[in-house]
file protein-v9.txt (compact mmCIF, C-alpha atoms)
# COMPACT_ATOMS: atom_id res chain seq x y z
CA MET A 1 83.71 123.13 29.69
CA LYS A 2 80.57 125.16 29.12
CA HIS A 3 78.23 126.00 31.96
CA ARG A 4 75.08 123.93 31.31
CA ILE A 5 71.77 125.76 31.74
CA ILE A 6 68.57 123.80 31.28
CA VAL A 7 65.22 125.58 31.09
CA LEU A 8 62.18 123.34 31.61
CA GLY A 9 59.05 124.56 29.87
CA ALA A 10 58.62 126.96 26.94
CA GLY A 11 55.59 128.88 28.05
CA TYR A 12 55.81 132.63 28.52
CA SER A 13 58.21 132.42 31.47
CA GLY A 14 60.49 129.67 30.21
CA ALA A 15 60.79 130.99 26.66
CA ILE A 16 61.49 134.54 27.86
CA ALA A 17 64.11 133.31 30.33
CA ALA A 18 65.90 131.20 27.70
CA GLY A 19 66.00 134.07 25.21
CA ARG A 20 67.14 136.57 27.81
CA LEU A 21 69.95 134.27 28.95
CA ALA A 22 71.05 133.87 25.34
CA ARG A 23 71.23 137.66 25.01
CA ARG A 24 73.38 138.09 28.07
CA LEU A 25 75.83 135.17 27.95
CA ARG A 26 78.41 134.16 25.37
CA THR A 27 77.68 130.95 23.46
CA GLU A 28 81.33 130.01 23.93
CA ASP A 29 80.76 129.87 27.70
CA VAL A 30 77.28 128.42 28.16
CA ALA A 31 75.09 125.70 26.70
CA ILE A 32 71.42 126.63 27.03
CA THR A 33 68.85 123.88 26.47
CA LEU A 34 65.12 124.61 26.38
CA VAL A 35 63.03 121.49 27.02
CA ASN A 36 59.37 121.49 26.03
CA ALA A 37 56.78 118.78 25.38
CA GLU A 38 55.35 120.53 22.31
CA PRO A 39 57.27 121.89 19.30
CA ASP A 40 55.38 125.20 19.33
CA PHE A 41 55.03 128.11 21.71
CA VAL A 42 51.43 128.22 22.89
CA GLU A 43 49.73 131.56 23.63
CA ARG A 44 47.91 130.29 26.67
CA VAL A 45 46.08 133.58 27.14
CA ARG A 46 44.26 132.92 23.86
CA MET A 47 42.93 129.42 24.55
CA HIS A 48 39.36 130.72 24.82
CA GLN A 49 39.74 132.01 21.26
CA LEU A 50 41.05 128.68 20.03
CA ALA A 51 38.13 126.90 21.69
CA THR A 52 35.59 129.02 19.81
CA GLY A 53 37.01 128.17 16.39
CA GLN A 54 39.57 130.92 15.86
CA ASP A 55 42.93 129.94 14.38
CA LEU A 56 46.06 131.15 16.13
CA THR A 57 49.39 131.99 14.51
CA PRO A 58 51.77 128.98 14.58
CA ARG A 59 54.96 129.76 16.52
CA PRO A 60 57.50 126.90 16.14
CA LEU A 61 60.17 126.99 18.84
CA ALA A 62 62.86 125.96 16.37
CA ALA A 63 62.20 129.05 14.23
CA MET A 64 61.87 131.34 17.26
CA PHE A 65 65.28 130.41 18.65
CA ALA A 66 67.16 129.92 15.38
CA GLY A 67 70.52 131.66 15.59
CA THR A 68 70.31 132.34 19.33
CA GLY A 69 72.47 129.47 20.48
CA VAL A 70 69.56 127.95 22.45
CA GLU A 71 69.13 124.21 21.81
CA ILE A 72 65.49 123.13 21.57
CA ARG A 73 64.74 119.70 22.98
CA ILE A 74 61.21 118.40 22.31
CA ALA A 75 60.65 115.97 25.15
CA ARG A 76 58.47 115.38 28.18
CA VAL A 77 60.03 115.88 31.59
CA THR A 78 59.48 112.85 33.81
CA ALA A 79 61.62 113.69 36.84
CA VAL A 80 64.00 116.22 38.36
CA ASP A 81 66.75 115.17 40.77
CA ALA A 82 67.78 118.43 42.41
CA ASP A 83 70.44 116.73 44.50
CA ARG A 84 72.19 114.96 41.62
CA LYS A 85 71.45 117.93 39.32
CA THR A 86 69.81 115.87 36.58
CA VAL A 87 66.57 115.97 34.62
CA ALA A 88 64.92 112.85 33.20
CA VAL A 89 63.15 113.29 29.86
CA VAL A 90 61.47 111.04 27.33
CA ASP A 91 60.84 111.60 23.63
CA ASP A 92 60.10 109.47 20.56
CA GLU A 93 63.58 107.96 20.74
CA GLY A 94 63.32 106.92 24.37
CA ALA A 95 64.35 108.10 27.83
CA GLU A 96 67.44 110.13 28.69
CA GLU A 97 68.97 111.90 31.64
CA LEU A 98 70.29 115.45 31.21
CA ALA A 99 72.83 116.97 33.59
CA TYR A 100 72.79 120.66 34.46
CA ASP A 101 74.82 123.22 36.32
CA THR A 102 71.88 125.64 36.54
CA LEU A 103 68.22 124.69 36.22
CA VAL A 104 65.35 127.06 35.42
CA TYR A 105 62.09 125.34 36.34
CA ALA A 106 59.17 126.77 34.35
CA LEU A 107 56.81 123.83 33.89
CA GLY A 108 53.84 125.99 34.79
CA SER A 109 50.40 124.75 35.75
CA ARG A 110 47.42 122.79 34.54
CA TRP A 111 43.72 122.84 35.24
CA ASN A 112 42.50 122.06 38.75
CA ASP A 113 39.32 120.05 39.29
CA ASN A 114 39.43 120.94 43.01
CA GLY A 115 38.35 117.40 43.81
CA VAL A 116 34.75 118.10 42.80
CA PRO A 117 32.98 114.87 41.78
CA GLY A 118 32.43 114.43 38.04
CA VAL A 119 34.66 117.28 36.88
CA ALA A 120 37.45 115.09 35.48
CA GLU A 121 34.93 112.86 33.70
CA HIS A 122 32.46 115.39 32.34
CA ALA A 123 33.97 118.90 32.21
CA HIS A 124 36.17 120.55 29.59
CA GLN A 125 39.18 122.75 30.31
CA ILE A 126 41.05 125.45 28.38
CA ALA A 127 44.26 125.51 30.41
CA SER A 128 46.06 123.73 27.57
CA ARG A 129 45.93 123.58 23.80
CA PRO A 130 44.73 119.95 23.70
CA GLY A 131 41.94 120.87 26.12
CA ALA A 132 40.92 123.91 24.07
CA LEU A 133 40.88 121.83 20.89
CA ARG A 134 38.68 119.18 22.49
CA LEU A 135 36.24 121.88 23.60
CA ARG A 136 36.35 123.36 20.10
CA GLU A 137 35.25 120.02 18.63
CA ARG A 138 32.49 119.62 21.21
CA LEU A 139 31.13 123.14 20.71
CA ALA A 140 30.99 122.54 16.96
CA GLU A 141 28.66 119.61 17.61
CA LEU A 142 26.12 121.67 19.55
CA GLY A 143 22.90 122.75 17.92
CA ASN A 144 20.62 125.75 18.36
CA GLY A 145 19.45 126.29 21.93
CA GLU A 146 21.84 123.88 23.62
CA THR A 147 23.52 124.97 26.82
CA VAL A 148 27.10 125.76 27.80
CA THR A 149 27.93 126.36 31.46
CA VAL A 150 31.22 127.94 32.48
CA VAL A 151 32.17 127.28 36.10
CA GLY A 152 34.45 129.90 37.61
CA GLY A 153 34.13 133.68 37.66
CA GLY A 154 37.79 134.62 37.47
CA LEU A 155 39.59 136.05 34.45
CA THR A 156 39.53 132.76 32.53
CA GLY A 157 35.86 132.17 33.21
CA LEU A 158 34.87 135.70 32.18
CA GLU A 159 36.84 135.48 28.94
CA ALA A 160 35.60 131.99 28.09
CA SER A 161 31.91 132.70 28.72
CA THR A 162 31.85 135.98 26.78
CA GLU A 163 33.90 134.54 23.90
CA ILE A 164 31.56 131.56 23.55
CA ALA A 165 28.43 133.72 23.82
CA GLU A 166 29.70 136.13 21.18
CA ALA A 167 30.88 133.43 18.77
CA ARG A 168 27.78 131.26 19.22
CA PRO A 169 24.71 133.44 19.84
CA ASP A 170 22.56 130.38 19.08
CA LEU A 171 23.68 128.74 22.33
CA LYS A 172 22.49 129.39 25.89
CA VAL A 173 25.55 130.36 27.93
CA ALA A 174 25.66 130.47 31.71
CA LEU A 175 28.41 131.34 34.19
CA VAL A 176 28.56 129.98 37.73
CA ASP A 177 30.48 132.10 40.23
CA ARG A 178 31.02 131.07 43.85
CA GLY A 179 31.19 134.78 44.78
CA GLY A 180 29.73 137.97 43.42
CA PHE A 181 30.01 138.52 39.67
CA GLY A 182 33.30 140.34 39.14
CA GLY A 183 33.37 141.03 42.85
CA TRP A 184 37.07 141.94 42.94
CA LEU A 185 36.63 144.70 40.34
CA ALA A 186 35.90 148.37 40.95
CA PRO A 187 32.24 149.52 40.59
CA LYS A 188 32.74 150.92 37.08
CA ALA A 189 34.23 147.67 35.81
CA GLN A 190 31.59 145.57 37.58
CA ALA A 191 28.79 147.57 36.03
CA HIS A 192 30.28 147.17 32.57
CA LEU A 193 30.73 143.45 33.09
CA ARG A 194 27.04 143.07 33.94
CA LYS A 195 26.08 145.16 30.93
CA VAL A 196 28.10 142.93 28.59
CA ALA A 197 26.71 139.74 30.12
CA ALA A 198 23.17 141.04 29.62
CA ARG A 199 23.91 142.06 26.02
CA LEU A 200 25.33 138.64 25.21
CA GLY A 201 22.50 136.82 26.97
CA ILE A 202 24.72 135.16 29.58
CA THR A 203 22.87 133.85 32.63
CA VAL A 204 24.94 134.50 35.75
CA HIS A 205 24.58 132.31 38.85
CA GLU A 206 26.24 134.23 41.69
CA ASN A 207 27.27 132.96 45.12
CA ALA A 208 26.75 129.40 43.93
CA THR A 209 28.78 126.48 45.25
CA VAL A 210 29.27 123.68 42.72
CA THR A 211 29.02 120.24 44.34
CA GLY A 212 29.33 118.05 41.26
CA VAL A 213 29.25 117.80 37.48
CA GLU A 214 27.23 115.30 35.48
CA ALA A 215 27.16 114.61 31.76
CA ASP A 216 24.22 116.98 31.29
CA ALA A 217 24.17 119.14 34.42
CA VAL A 218 26.11 121.18 36.92
CA LEU A 219 25.07 120.47 40.49
CA THR A 220 25.09 123.28 43.03
CA ALA A 221 24.00 123.63 46.62
CA GLU A 222 21.05 125.65 45.30
CA GLY A 223 19.98 123.14 42.64
CA SER A 224 20.84 121.65 39.25
CA ILE A 225 21.77 123.66 36.14
CA THR A 226 21.18 121.99 32.79
CA SER A 227 24.40 121.87 30.79
CA SER A 228 25.11 120.23 27.44
CA VAL A 229 28.78 121.25 27.82
CA THR A 230 30.51 122.29 31.04
CA VAL A 231 33.73 124.32 31.00
CA TRP A 232 35.75 124.25 34.23
CA THR A 233 37.81 127.40 34.95
CA THR A 234 38.11 127.53 38.73
CA GLY A 235 41.87 127.90 38.93
CA PHE A 236 45.14 126.12 38.26
CA ALA A 237 47.26 123.43 39.88
CA VAL A 238 51.02 123.32 39.43
CA HIS A 239 52.76 120.65 37.37
CA PRO A 240 53.34 117.65 39.71
CA ILE A 241 57.01 117.02 38.86
CA ALA A 242 58.31 119.29 41.62
CA ALA A 243 56.34 117.39 44.27
CA ALA A 244 58.61 114.36 43.79
CA THR A 245 61.80 116.37 44.36
CA THR A 246 63.68 117.47 47.47
CA LEU A 247 63.05 121.14 46.63
CA GLU A 248 61.32 123.17 49.31
CA LEU A 249 57.67 123.56 48.30
CA THR A 250 54.48 125.14 49.55
CA ASP A 251 51.58 122.88 50.51
CA THR A 252 50.20 123.42 46.98
CA GLY A 253 53.41 122.21 45.32
CA ARG A 254 54.93 125.53 44.26
CA ILE A 255 58.69 125.94 44.56
CA VAL A 256 59.64 128.46 47.25
CA VAL A 257 62.06 131.06 45.88
CA ASP A 258 63.79 134.18 47.13
CA GLY A 259 63.66 137.62 45.54
CA THR A 260 65.98 136.53 42.73
CA MET A 261 63.74 133.53 41.87
CA ARG A 262 66.34 131.16 43.30
CA SER A 263 65.18 128.10 45.22
CA VAL A 264 65.61 128.63 48.95
CA SER A 265 66.76 125.01 49.32
CA HIS A 266 68.82 124.39 46.16
CA PRO A 267 70.95 127.33 44.95
CA ASP A 268 71.45 125.87 41.46
CA VAL A 269 67.69 125.85 40.79
CA TYR A 270 65.55 128.83 39.79
CA ALA A 271 61.76 128.65 39.48
CA ILE A 272 59.57 131.07 37.55
CA GLY A 273 55.98 131.44 36.43
CA ASP A 274 53.10 129.47 37.91
CA ALA A 275 55.49 126.85 39.37
CA ALA A 276 57.13 129.35 41.72
CA PHE A 277 56.02 130.83 45.01
CA ALA A 278 57.46 134.34 45.05
CA MET A 279 56.62 137.42 47.02
CA GLY A 280 55.61 140.60 45.23
CA ALA A 281 54.81 144.10 46.41
CA LYS A 282 53.96 144.51 50.11
CA ASP A 283 54.99 140.89 50.75
CA LYS A 284 51.98 139.51 48.92
CA PRO A 285 52.46 136.27 46.94
CA LEU A 286 52.39 136.69 43.18
CA ARG A 287 49.36 135.13 41.54
CA MET A 288 49.57 132.61 38.71
CA SER A 289 49.47 134.72 35.55
CA CYS A 290 51.42 135.93 32.56
CA ALA A 291 51.63 139.28 34.33
CA SER A 292 53.61 137.61 37.11
CA GLY A 293 55.60 135.18 34.99
CA THR A 294 57.20 137.71 32.68
CA PRO A 295 58.98 139.83 35.32
CA MET A 296 59.89 136.64 37.18
CA ALA A 297 61.62 135.40 34.02
CA TRP A 298 63.49 138.70 33.65
CA GLN A 299 64.61 138.55 37.26
CA ALA A 300 65.80 134.93 37.08
CA ALA A 301 67.64 135.28 33.77
CA ASP A 302 69.37 138.52 34.75
CA THR A 303 70.32 137.08 38.15
CA ILE A 304 71.82 133.94 36.63
CA ALA A 305 73.80 136.05 34.16
CA ALA A 306 75.00 138.35 36.94
CA ARG A 307 76.11 135.52 39.17
CA LEU A 308 77.96 133.81 36.34
CA THR A 309 79.68 136.93 35.08
CA GLY A 310 80.35 138.71 38.34
CA GLY A 311 77.82 141.45 37.63
CA LYS A 312 75.51 143.33 39.94
CA LEU A 313 72.36 141.49 40.98
CA PRO A 314 69.25 143.01 39.35
CA HIS A 315 65.95 143.85 40.99
CA ALA A 316 63.08 143.60 38.51
CA PRO A 317 59.89 145.27 39.81
CA LEU A 318 57.56 142.43 40.78
CA ALA A 319 54.46 144.59 40.93
CA TYR A 320 51.13 144.82 39.14
CA PHE A 321 49.67 147.67 37.13
CA ASN A 322 46.39 146.43 35.68
CA GLN A 323 44.24 143.40 34.87
CA CYS A 324 43.18 143.09 31.23
CA ILE A 325 40.01 141.13 30.47
CA SER A 326 38.69 140.47 26.99
CA LEU A 327 34.90 140.19 26.75
CA GLY A 328 34.67 138.79 23.25
CA ARG A 329 36.57 140.35 20.35
CA LYS A 330 35.08 143.84 20.55
CA ASP A 331 34.70 144.55 24.24
CA GLY A 332 36.74 144.38 27.39
CA VAL A 333 37.74 145.73 30.77
CA VAL A 334 41.10 147.04 31.89
CA GLN A 335 41.02 147.28 35.66
CA TYR A 336 43.85 149.34 37.13
CA VAL A 337 45.26 147.96 40.37
CA THR A 338 47.69 148.75 43.16
CA THR A 339 51.18 147.23 43.08
CA ASP A 340 49.87 144.32 45.17
CA ASP A 341 46.94 143.71 42.78
CA ARG A 342 43.99 145.41 44.51
CA ALA A 343 41.50 147.23 42.29
CA VAL A 344 41.40 151.00 42.30
CA ARG A 345 38.56 153.15 40.97
CA ALA A 346 40.05 153.72 37.51
CA ALA A 347 39.15 151.34 34.67
CA LEU A 348 38.87 151.31 30.89
CA THR A 349 35.85 149.64 29.34
CA GLY A 350 34.41 148.85 25.93
CA ARG A 351 36.17 148.87 22.59
CA ILE A 352 39.24 150.76 23.79
CA ALA A 353 39.76 148.13 26.50
CA ALA A 354 39.50 145.35 23.90
CA VAL A 355 42.15 147.05 21.75
CA TYR A 356 44.35 147.57 24.81
CA LYS A 357 44.09 143.88 25.76
CA GLU A 358 44.91 142.79 22.22
CA LEU A 359 48.01 144.98 22.17
CA VAL A 360 49.11 143.50 25.49
CA CYS A 361 48.70 139.95 24.15
CA LYS A 362 50.54 140.76 20.94
CA GLY A 363 53.31 142.50 22.86
CA ALA A 364 53.76 139.52 25.18
CA ALA A 365 53.95 137.13 22.23
CA TRP A 366 56.36 139.39 20.35
CA GLY A 367 58.67 139.48 23.35
CA VAL A 368 58.73 135.68 23.42
CA VAL A 369 59.17 134.98 19.72
CA ASN A 370 61.86 137.61 19.20
CA PRO A 371 64.33 136.68 21.97
CA LEU A 372 67.28 138.61 20.51
CA LEU A 373 65.53 141.60 18.96
CA LYS A 374 64.84 143.70 22.04
CA ILE A 375 67.18 146.34 23.44
CA PRO A 376 70.70 145.26 22.45
CA THR A 377 72.72 143.84 25.32
CA ARG A 378 76.39 142.96 25.28
CA ARG A 379 76.99 139.31 25.98
CA ARG A 380 79.35 138.93 28.92
CA ARG A 381 81.94 136.25 29.64
CA VAL A 382 81.34 133.67 32.31
CA ILE A 383 83.94 133.88 35.06
CA ALA A 384 82.99 130.68 36.88
CA GLN A 385 82.08 127.61 34.88
CA ARG A 386 80.80 124.26 36.09
CA VAL A 387 80.88 125.59 39.65
CA SER A 388 77.88 125.77 41.95
CA MET A 389 76.58 129.31 41.73
CA SER A 390 76.13 129.32 45.48
CA VAL A 391 79.80 130.27 45.70
CA VAL A 392 79.87 132.81 42.89
CA THR A 393 79.81 136.19 44.55
CA PRO A 394 78.72 139.18 42.42
CA HIS A 395 80.92 142.26 42.44

call {"tool": "encode", "arguments": {"input": "protein-v9.txt", "output": "structure tokens"}}
result
Amino acid sequence: MKHRIIVLGAGYSGAIAAGRLARRLRTEDVAITLVNAEPDFVERVRMHQLATGQDLTPRPLAAMFAGTGVEIRIARVTAVDADRKTVAVVDDEGAEELAYDTLVYALGSRWNDNGVPGVAEHAHQIASRPGALRLRERLAELGNGETVTVVGGGLTGLEASTEIAEARPDLKVALVDRGGFGGWLAPKAQAHLRKVAARLGITVHENATVTGVEADAVLTAEGSITSSVTVWTTGFAVHPIAAATTLELTDTGRIVVDGTMRSVSHPDVYAIGDAAFAMGAKDKPLRMSCASGTPMAWQAADTIAARLTGGKLPHAPLAYFNQCISLGRKDGVVQYVTTDDRAVRAALTGRIAAVYKELVCKGAAWGVVNPLLKIPTRRRRVIAQRVSMSVVTPH
């Protein structure tokens, strides 16, 4: 019988892993199923663009994986039983249980309200397409002079605030940062960030601790900020499915994996992307990002293929090179970093940085939607089928 591989989640990590597995393994030997709640691949790194009224290119999963041998299953995952090696899903036709021999867990993350009062009731999020579309509708309702407050000064907050300010110059946009504005960036990048914020008319509240969100205000320890619409971008929380399993997790619910992205507690489970807790360069945990998820997907897929075919275990470089930040459609910052993600002095700014970021986004999407069109790879035969990969020793 075929070795059954189930990939949960078709974000960047899951879709890349499924396509890469299809390139490396013979369809006669494996059955690869990609389970996703939505029928399309979502470019999560562009949700701030979607929120401001821009239309994104549709990318149906069925078309992306046509001819690859990957079965697309549009369903919502409700449970994972890592001991029985089953996944419970539900779709329009009802509930079903899927059995696997190897599981790739890539359910990713969602927005995190951090337990701050009023956030869930009154704030918008752009961590998902439904959230971005709801914000898009709300922004369209705002009139001249109304206020939008973005809470969170990380990459998502910077991109959201500048995108909104550029697209809607009639609005008053503010950003609330619990630290210094762009404080993790090198001086050149910080200076450019402040220049762009000033040009776009963004009011920056630095070193401000948000204590609550109301329908028309953001509450901070320093006072109240009027806000017709509040956008919450203070970080991500992992999908809660893993928390109900027997997998070894961190206290934040991420699956603990080794250097091959294999669960340290269940050898038939691999975790990638935001759902996984993996160590990068200099034993520093990888942050939740597309920049982390892509090499994690390469590592997991190549490891699974190697263990099934008796090949040599790969070692994808889990290291960083830069951080790309769009500041609207015509400006940006590319901050170069050390392998463990610390800023160095070098940075690109302005129009060239915006073009660079756009090329990175397009390249990432191209790699996902063309799973079999990269460097040709010979599909190898599986030498151990329907056997726990904990006993498959690579040559």

call {"tool": "residues_near_point", "arguments": {"input": "protein-v9.txt", "point": "(35.0, 117.2, 29.4)", "cutoff": "12 Å", "atoms": "only C-alpha atoms", "output": "PyMOL selection string"}}
result
chain A and resi 111+113+118-126+130-139+148-150+213-216+227-233

call {"tool": "atom_distance", "arguments": {"input": "protein-v9.txt", "atom1": "CA of Asn207 (chain A)", "atom2": "CA of Val337 (chain A)"}}
result
23.9 Å

call {"tool": "residues_around", "arguments": {"input": "protein-v9.txt", "residues": "Arg20 (chain A)", "least_positions_apart": "6", "cutoff": "8 Å", "atoms": "only C-alpha atoms", "output": "list in words"}}
result
Trp298, Ala301, Asp302, Pro371 and Leu372 of chain A

call {"tool": "closest_residue", "arguments": {"input": "protein-v9.txt", "among": "A:Ala18, A:Val333, A:Ile272, A:Ile32", "to": "Leu155 (chain A)", "atoms": "all atoms listed in the file"}}
result
A:Val333

call {"tool": "atom_distance", "arguments": {"input": "protein-v9.txt", "atom1": "CA of Ala160 (chain A)", "atom2": "CA of Thr294 (chain A)"}}
result
22.8 Å

call {"tool": "decode", "arguments": {"input": "protein-v9.txt", "residues": "region 308-391 of chain A", "atoms": "C-alpha atoms", "output": "tab-separated table (two decimals), in the first residue's frame"}}
result
chain	number	residue	atom	x	y	z
A	308	LEU	CA	11.50	7.06	3.04
A	309	THR	CA	13.93	6.43	0.22
A	310	GLY	CA	17.08	5.70	2.18
A	311	GLY	CA	18.77	8.92	1.12
A	312	LYS	CA	21.11	11.21	2.99
A	313	LEU	CA	19.48	13.56	5.47
A	314	PRO	CA	19.60	17.19	4.26
A	315	HIS	CA	20.56	20.25	6.23
A	316	ALA	CA	18.78	23.35	4.92
A	317	PRO	CA	20.35	26.59	6.23
A	318	LEU	CA	17.93	27.92	8.85
A	319	ALA	CA	19.41	31.40	8.93
A	320	TYR	CA	18.30	34.93	8.15
A	321	PHE	CA	19.66	37.39	5.62
A	322	ASN	CA	17.41	40.43	5.73
A	323	GLN	CA	14.05	41.85	6.81
A	324	CYS	CA	11.97	43.40	4.03
A	325	ILE	CA	9.41	46.05	5.00
A	326	SER	CA	7.05	47.73	2.57
A	327	LEU	CA	6.12	51.30	3.47
A	328	GLY	CA	3.27	51.76	1.04
A	329	ARG	CA	3.62	50.85	-2.63
A	330	LYS	CA	6.55	53.12	-3.47
A	331	ASP	CA	8.78	53.04	-0.43
A	332	GLY	CA	10.37	50.51	1.86
A	333	VAL	CA	13.24	49.33	4.01
A	334	VAL	CA	15.42	46.27	3.57
A	335	GLN	CA	17.32	45.77	6.79
A	336	TYR	CA	20.23	43.35	6.49
A	337	VAL	CA	20.70	41.11	9.52
A	338	THR	CA	23.03	38.51	10.99
A	339	THR	CA	22.20	34.83	10.62
A	340	ASP	CA	20.39	34.97	13.96
A	341	ASP	CA	18.31	38.01	12.90
A	342	ARG	CA	20.13	40.96	14.51
A	343	ALA	CA	20.34	44.17	12.50
A	344	VAL	CA	23.65	45.22	11.00
A	345	ARG	CA	24.49	48.70	9.73
A	346	ALA	CA	23.67	48.02	6.07
A	347	ALA	CA	20.15	48.76	4.78
A	348	LEU	CA	18.37	49.65	1.56
A	349	THR	CA	15.73	52.37	1.67
A	350	GLY	CA	13.28	54.12	-0.60
A	351	ARG	CA	12.06	53.02	-4.01
A	352	ILE	CA	14.73	50.38	-4.53
A	353	ALA	CA	13.73	48.74	-1.24
A	354	ALA	CA	10.07	48.73	-2.32
A	355	VAL	CA	11.00	47.01	-5.59
A	356	TYR	CA	13.18	44.52	-3.71
A	357	LYS	CA	10.33	43.67	-1.31
A	358	GLU	CA	7.90	43.21	-4.19
A	359	LEU	CA	10.28	40.84	-5.95
A	360	VAL	CA	10.65	38.83	-2.73
A	361	CYS	CA	6.86	38.56	-2.36
A	362	LYS	CA	6.41	37.55	-5.98
A	363	GLY	CA	9.23	35.04	-5.74
A	364	ALA	CA	7.73	33.45	-2.63
A	365	ALA	CA	4.32	33.17	-4.29
A	366	TRP	CA	5.83	31.77	-7.49
A	367	GLY	CA	7.63	29.08	-5.52
A	368	VAL	CA	4.33	28.04	-3.94
A	369	VAL	CA	2.11	28.07	-7.00
A	370	ASN	CA	4.60	26.27	-9.24
A	371	PRO	CA	5.42	23.22	-7.09
A	372	LEU	CA	6.91	21.15	-9.93
A	373	LEU	CA	8.57	23.84	-12.03
A	374	LYS	CA	11.69	24.51	-10.00
A	375	ILE	CA	15.01	22.71	-10.46
A	376	PRO	CA	14.15	19.26	-11.83
A	377	THR	CA	14.52	16.49	-9.27
A	378	ARG	CA	14.30	12.77	-9.93
A	379	ARG	CA	11.49	11.15	-8.00
A	380	ARG	CA	12.85	8.31	-5.90
A	381	ARG	CA	11.23	5.04	-4.87
A	382	VAL	CA	10.07	4.49	-1.33
A	383	ILE	CA	11.90	1.60	0.30
A	384	ALA	CA	9.77	1.38	3.44
A	385	GLN	CA	6.03	1.81	3.16
A	386	ARG	CA	3.44	1.97	5.92
A	387	VAL	CA	6.23	1.62	8.48
A	388	SER	CA	6.96	4.13	11.22
A	389	MET	CA	9.77	6.31	9.93
A	390	SER	CA	11.41	6.10	13.34
A	391	VAL	CA	12.90	2.81	12.17
